[in-house]
$ cat coords.txt   # compact mmCIF, C-alpha atoms and all ligand atoms
# COMPACT_ATOMS: atom_id res chain seq x y z
CA MET F 1 -32.20 30.63 -87.16
CA HIS F 2 -30.37 28.65 -84.51
CA GLY F 3 -30.87 29.00 -80.77
CA ALA F 4 -28.30 30.29 -78.30
CA TRP F 5 -25.03 28.47 -78.76
CA ALA F 6 -23.03 26.99 -75.94
CA ASN F 7 -19.46 26.05 -76.76
CA GLY F 8 -18.53 22.41 -76.13
CA GLY F 9 -15.05 22.36 -74.70
CA HIS F 10 -15.11 18.70 -73.74
CA GLY F 11 -11.34 18.49 -74.20
CA LEU F 12 -9.38 15.47 -75.33
CA ARG F 13 -11.02 12.09 -75.30
CA THR F 14 -9.76 9.45 -72.90
CA ASP F 15 -7.51 6.50 -73.71
CA ARG F 16 -10.42 4.13 -74.38
CA THR F 17 -11.79 6.29 -77.17
CA LEU F 18 -8.35 6.86 -78.62
CA GLN F 19 -7.63 3.12 -78.57
CA LYS F 20 -10.84 2.56 -80.51
CA ARG F 21 -9.79 5.21 -83.04
CA LEU F 22 -6.23 3.95 -83.32
CA ARG F 23 -7.52 0.58 -84.45
CA ASN F 24 -8.60 2.54 -87.52
CA PRO F 25 -6.13 5.41 -87.94
CA GLY F 26 -7.71 6.60 -91.21
CA ARG F 27 -10.95 7.18 -89.41
CA LEU F 28 -9.14 8.95 -86.57
CA VAL F 29 -7.69 11.55 -88.92
CA GLN F 30 -10.96 11.92 -90.80
CA SER F 31 -13.09 12.21 -87.65
CA VAL F 32 -10.85 14.62 -85.78
CA ALA F 33 -10.64 16.80 -88.87
CA MET F 34 -14.42 16.66 -89.09
CA ALA F 35 -15.28 17.21 -85.47
CA ASP F 36 -12.82 18.79 -83.09
CA PRO F 37 -14.78 18.24 -79.84
CA SER F 38 -13.69 21.64 -78.53
CA LYS F 39 -15.46 23.24 -81.50
CA VAL F 40 -18.89 21.73 -81.13
CA LEU F 41 -21.80 24.09 -80.54
CA TYR F 42 -24.76 22.92 -78.49
CA ALA F 43 -28.10 24.66 -78.77
CA SER F 44 -31.83 24.39 -78.32
CA GLU F 45 -33.45 24.33 -81.76
CA PRO F 46 -37.21 23.92 -81.38
CA ARG F 47 -37.67 24.46 -85.12
CA LEU F 48 -35.03 22.05 -86.35
CA ASP F 49 -35.45 21.24 -90.04
CA VAL F 50 -36.91 17.79 -90.57
CA ALA F 51 -34.45 16.95 -93.39
CA GLU F 52 -31.45 17.71 -91.15
CA PHE F 53 -32.99 15.67 -88.34
CA ARG F 54 -33.54 12.76 -90.73
CA ARG F 55 -29.97 12.97 -92.05
CA VAL F 56 -28.46 12.61 -88.58
CA LEU F 57 -30.78 9.69 -87.78
CA VAL F 58 -29.59 7.94 -90.94
CA GLU F 59 -25.92 8.80 -90.37
CA SER F 60 -26.05 7.59 -86.76
CA GLY F 61 -27.45 4.20 -87.74
CA LEU F 62 -30.73 4.86 -85.91
CA GLY F 63 -32.56 5.08 -89.22
CA GLU F 64 -33.07 1.32 -89.17
CA THR F 65 -35.35 1.65 -86.15
CA ARG F 66 -36.96 5.02 -86.85
CA PRO F 67 -39.61 5.99 -89.45
CA ILE F 68 -37.16 7.77 -91.73
CA ASP F 69 -39.36 7.24 -94.79
CA ASP F 70 -42.35 8.87 -93.16
CA GLU F 71 -41.55 12.58 -93.28
CA ALA F 72 -44.91 13.59 -91.80
CA ARG F 73 -44.32 11.38 -88.78
CA LEU F 74 -40.78 12.72 -88.32
CA LYS F 75 -42.13 16.26 -88.51
CA THR F 76 -44.78 15.46 -85.90
CA MET F 77 -42.05 14.05 -83.67
CA LEU F 78 -40.17 17.32 -83.90
CA ASP F 79 -43.22 19.59 -83.68
CA HIS F 80 -44.47 17.99 -80.46
CA ALA F 81 -41.14 17.53 -78.71
CA ASN F 82 -40.46 20.35 -76.29
CA LEU F 83 -36.75 19.74 -75.91
CA VAL F 84 -34.78 19.60 -79.17
CA LEU F 85 -31.04 19.96 -78.66
CA THR F 86 -28.49 20.02 -81.43
CA ALA F 87 -24.73 19.65 -81.78
CA ARG F 88 -23.20 21.46 -84.73
CA LEU F 89 -19.62 21.83 -85.86
CA ASP F 90 -18.36 25.38 -85.48
CA ARG F 91 -17.39 25.89 -89.10
CA GLU F 92 -18.91 27.08 -92.36
CA GLY F 93 -22.47 25.87 -92.75
CA LYS F 94 -22.59 24.73 -89.10
CA PRO F 95 -23.22 21.09 -90.07
CA LEU F 96 -25.48 19.18 -87.71
CA VAL F 97 -23.76 16.12 -86.19
CA GLY F 98 -25.95 15.29 -83.22
CA VAL F 99 -29.51 15.56 -81.91
CA ALA F 100 -31.30 14.86 -78.64
CA ARG F 101 -35.09 15.00 -78.63
CA GLY F 102 -37.11 14.94 -75.43
CA VAL F 103 -40.57 15.38 -74.00
CA THR F 104 -40.67 17.09 -70.63
CA ASP F 105 -42.77 19.07 -68.16
CA PHE F 106 -39.62 21.06 -67.17
CA SER F 107 -40.57 20.33 -63.57
CA TRP F 108 -40.32 16.63 -62.71
CA VAL F 109 -39.25 14.39 -65.56
CA CYS F 110 -37.95 14.36 -69.13
CA TYR F 111 -38.18 11.41 -71.47
CA ILE F 112 -35.35 11.44 -74.02
CA SER F 113 -36.75 9.62 -77.00
CA LYS F 114 -33.83 10.14 -79.33
CA LEU F 115 -30.12 10.63 -79.05
CA ALA F 116 -28.16 10.33 -82.26
CA VAL F 117 -24.65 11.31 -83.34
CA SER F 118 -23.47 11.00 -86.96
CA ALA F 119 -21.10 8.02 -87.27
CA SER F 120 -18.24 10.24 -88.45
CA ALA F 121 -18.46 12.23 -85.20
CA GLN F 122 -19.08 9.40 -82.73
CA GLY F 123 -16.65 8.75 -79.90
CA LEU F 124 -15.67 12.41 -79.59
CA GLY F 125 -17.81 13.33 -76.61
CA ILE F 126 -20.80 14.72 -78.53
CA GLY F 127 -23.36 12.22 -77.18
CA LYS F 128 -22.23 13.03 -73.64
CA GLY F 129 -22.19 16.73 -74.55
CA LEU F 130 -25.84 16.58 -75.64
CA MET F 131 -26.85 14.77 -72.45
CA ASP F 132 -24.90 17.31 -70.37
CA GLU F 133 -26.69 20.10 -72.19
CA ALA F 134 -30.07 18.43 -71.52
CA ARG F 135 -29.22 18.20 -67.82
CA ARG F 136 -28.04 21.81 -67.80
CA GLN F 137 -31.22 23.10 -69.46
CA LEU F 138 -33.56 20.95 -67.35
CA GLY F 139 -31.88 21.68 -64.04
CA PRO F 140 -31.47 19.54 -60.95
CA SER F 141 -35.21 19.03 -60.23
CA VAL F 142 -35.89 17.11 -63.43
CA ALA F 143 -35.15 13.38 -63.77
CA ILE F 144 -34.19 12.00 -67.19
CA SER F 145 -35.46 8.66 -68.44
CA LEU F 146 -34.88 6.82 -71.68
CA ILE F 147 -34.87 3.40 -73.26
CA SER F 148 -31.52 2.42 -74.69
CA MET F 149 -30.79 0.66 -77.94
CA PRO F 150 -28.90 -2.55 -77.07
CA ASP F 151 -25.57 -1.26 -78.46
CA ALA F 152 -25.80 2.01 -76.53
CA VAL F 153 -26.22 0.52 -73.04
CA GLY F 154 -22.49 0.87 -72.31
CA PHE F 155 -22.63 4.54 -73.30
CA TYR F 156 -25.41 5.36 -70.83
CA GLU F 157 -23.61 3.44 -68.10
CA ARG F 158 -20.40 5.28 -68.96
CA ILE F 159 -22.04 8.70 -68.59
CA GLY F 160 -23.33 7.72 -65.18
CA MET F 161 -27.02 6.88 -65.75
CA THR F 162 -28.61 4.32 -63.44
CA ARG F 163 -30.01 1.19 -65.05
CA MET F 164 -33.61 0.54 -63.88
CA SER F 165 -35.07 -2.93 -63.44
CA ASP F 166 -38.59 -1.64 -62.78
CA ALA F 167 -39.34 0.42 -65.91
CA PHE F 168 -42.42 -0.56 -67.97
CA TRP F 169 -43.49 -0.12 -71.56
CA PHE F 170 -46.48 -0.73 -73.89
CA SER F 171 -45.12 -1.35 -77.39
CA ARG F 172 -46.39 0.73 -80.27
CA LYS F 173 -48.05 -1.34 -82.98
CA ARG F 174 -46.61 0.47 -85.95
C1 LIG Q 201 -24.71 6.11 -78.52
C2 LIG Q 201 -24.23 7.48 -79.03
C3 LIG Q 201 -25.35 8.49 -78.87
C4 LIG Q 201 -23.02 7.90 -78.20
O1 LIG Q 201 -22.57 9.17 -78.64
P1 LIG Q 201 -21.00 9.44 -78.87
O2 LIG Q 201 -20.84 10.86 -79.20
O3 LIG Q 201 -20.51 8.44 -79.84
O4 LIG Q 201 -20.44 9.10 -77.42
P2 LIG Q 201 -19.35 9.94 -76.57
O5 LIG Q 201 -18.17 10.18 -77.41
O6 LIG Q 201 -20.02 11.12 -75.95
O7 LIG Q 201 -19.00 8.88 -75.46
C5 LIG Q 201 -18.90 9.17 -74.07
C6 LIG Q 201 -18.24 7.97 -73.41
O8 LIG Q 201 -19.03 6.78 -73.63
C7 LIG Q 201 -18.24 5.80 -74.33
N1 LIG Q 201 -19.10 5.17 -75.31
C8 LIG Q 201 -19.63 5.73 -76.41
N2 LIG Q 201 -20.42 4.85 -77.04
C9 LIG Q 201 -20.35 3.72 -76.33
C10 LIG Q 201 -20.97 2.45 -76.48
N3 LIG Q 201 -21.81 2.18 -77.49
N4 LIG Q 201 -20.70 1.49 -75.55
C11 LIG Q 201 -19.87 1.76 -74.51
N5 LIG Q 201 -19.27 2.95 -74.30
C12 LIG Q 201 -19.52 3.91 -75.20
C13 LIG Q 201 -17.12 6.58 -75.00
O9 LIG Q 201 -16.00 5.75 -75.23
C14 LIG Q 201 -16.85 7.68 -73.99
O10 LIG Q 201 -16.08 7.13 -72.94
P3 LIG Q 201 -14.93 8.00 -72.23
O11 LIG Q 201 -15.65 8.88 -71.27
O12 LIG Q 201 -14.09 6.97 -71.57
O13 LIG Q 201 -14.21 8.76 -73.29
C15 LIG Q 201 -23.78 7.44 -80.51
O14 LIG Q 201 -22.72 6.52 -80.64
C16 LIG Q 201 -24.88 7.07 -81.47
O15 LIG Q 201 -25.56 7.95 -81.98
N6 LIG Q 201 -25.03 5.77 -81.76
C17 LIG Q 201 -26.00 5.29 -82.73
C18 LIG Q 201 -27.41 5.63 -82.34
C19 LIG Q 201 -27.79 5.14 -80.96
O16 LIG Q 201 -27.63 3.98 -80.61
N7 LIG Q 201 -28.32 6.07 -80.17
C20 LIG Q 201 -28.79 5.80 -78.85
C21 LIG Q 201 -30.25 5.53 -78.96
S1 LIG Q 201 -30.90 4.95 -77.39
$ encode --input "coords.txt" --output "structure tokens"
Amino acid sequence: MHGAWANGGHGLRTDRTLQKRLRNPGRLVQSVAMADPSKVLYASEPRLDVAEFRRVLVESGLGETRPIDDEARLKTMLDHANLVLTARLDREGKPLVGVARGVTDFSWVCYISKLAVSASAQGLGIGKGLMDEARRQLGPSVAISLISMPDAVGFYERIGMTRMSDAFWFSRKR
């Protein structure tokens, strides 16, 4: 059972995204057919299925840096997150194309530990849509922090996040 849906309505993408797509017109047709950004449904899904979650991680390219072969660990990640937002296409089967997973106190801060959009639906506003939905659900009192993958830095800058020079981190060992 999915949570309450919120319709996307992010409208047409800007020139920069279209230019990217027009370098590969085949992919433009395929992607737009797959994911009309005005027909993306955003929802909170605290009980997201682990196999669907894994599929989007793999399709986004994040699978290389996430424990996709350790189902128990993926399930623990989902079970203990308290903000699991999804983006699904509004068509038969409601296929999942994007996920944001966060840990928050709903009062002061939220750490977004995963944002992933399937490659076939990237560049259509879904990553921004998920972050907008996180901000909407958390409200104005809650700060959002995250650690970007190197290739995604431009995305976070583009959506208006501030880059911090004073964030700290203990690496996990496995
Ligand atoms: C990074 C990611 C989440 C972005 O989601 P997306 O749906 O493709 O991005 P959007 O379409 O919402 O992009 C919003 C804007 O950011 C820009 N943008 C998107 N990805 C970008 C990137 N990697 N670098 C620079 N700008 C980027 C878009 O062109 C768009 O700009 P516009 O406002 O001018 O149209 C997605 O590409 C992804 O899942 N990548 C692989 C996994 C990953 O790196 N996740 C982040 C983990 S920290």
$ residues_around --input "coords.txt" --residues "Ala152 (chain F)" --least-positions-apart "5" --cutoff "12 Å" --atoms "only C-alpha atoms" --output "list of chain:residue names"
F:Ser60, F:Gly61, F:Leu62, F:Lys114, F:Leu115, F:Ala116, F:Val117, F:Gln122, F:Gly123, F:Gly127, F:Lys128, F:Leu146, F:Ile147, F:Glu157, F:Arg158, F:Ile159, F:Met161
$ axis_aligned_box --input "coords.txt" --around "ligand LIG 201 (chain Q)" --padding-each-side "5 Å" --output "lines of an AutoDock Vina configuration file"
center_x = -22.5
center_y = 6.3
center_z = -77.0
size_x = 26.8
size_y = 19.6
size_z = 21.5
$ closest_residue --input "coords.txt" --among "F:Asp90, F:Asp166, F:Glu71, F:Glu64" --to "ligand LIG 201 (chain Q)" --atoms "all atoms listed in the file"
F:Glu64
$ closest_residue --input "coords.txt" --among "F:His80, F:Arg73, F:Arg101, F:Arg91" --to "ligand LIG 201 (chain Q)" --atoms "all atoms listed in the file"
F:Arg101
$ atom_distance --input "coords.txt" --atom1 "CA of Cys110 (chain F)" --atom2 "CA of Val142 (chain F)"
6.7 Å
$ atom_distance --input "coords.txt" --atom1 "atom C7 of ligand LIG 201 (chain Q)" --atom2 "CA of Val99 (chain F)"
16.7 Å
$ atom_distance --input "coords.txt" --atom1 "atom P3 of ligand LIG 201 (chain Q)" --atom2 "CA of Ser38 (chain F)"
15.1 Å
$ closest_residue --input "coords.txt" --among "F:Ala43, F:Ile112, F:Ile144, F:Leu74" --to "ligand LIG 201 (chain Q)" --atoms "only C-alpha atoms and all ligand atoms"
F:Ile112
$ residues_near_point --input "coords.txt" --point "(-21.0, 24.8, -85.4)" --cutoff "7 Å" --atoms "only C-alpha atoms" --output "PyMOL selection string"
chain F and resi 39-41+88-91+94-95
$ closest_residue --input "coords.txt" --among "F:Ala119, F:Ala143, F:Val109, F:Leu85" --to "ligand LIG 201 (chain Q)" --atoms "only C-alpha atoms and all ligand atoms"
F:Ala119
$ closest_residue --input "coords.txt" --among "F:Arg47, F:Arg66, F:Arg135, F:Arg174" --to "ligand LIG 201 (chain Q)" --atoms "all atoms listed in the file"
F:Arg66
$ closest_residue --input "coords.txt" --among "F:Leu78, F:Ala100, F:Leu83, F:Ala167" --to "Leu130 (chain F)" --atoms "all atoms listed in the file"
F:Ala100
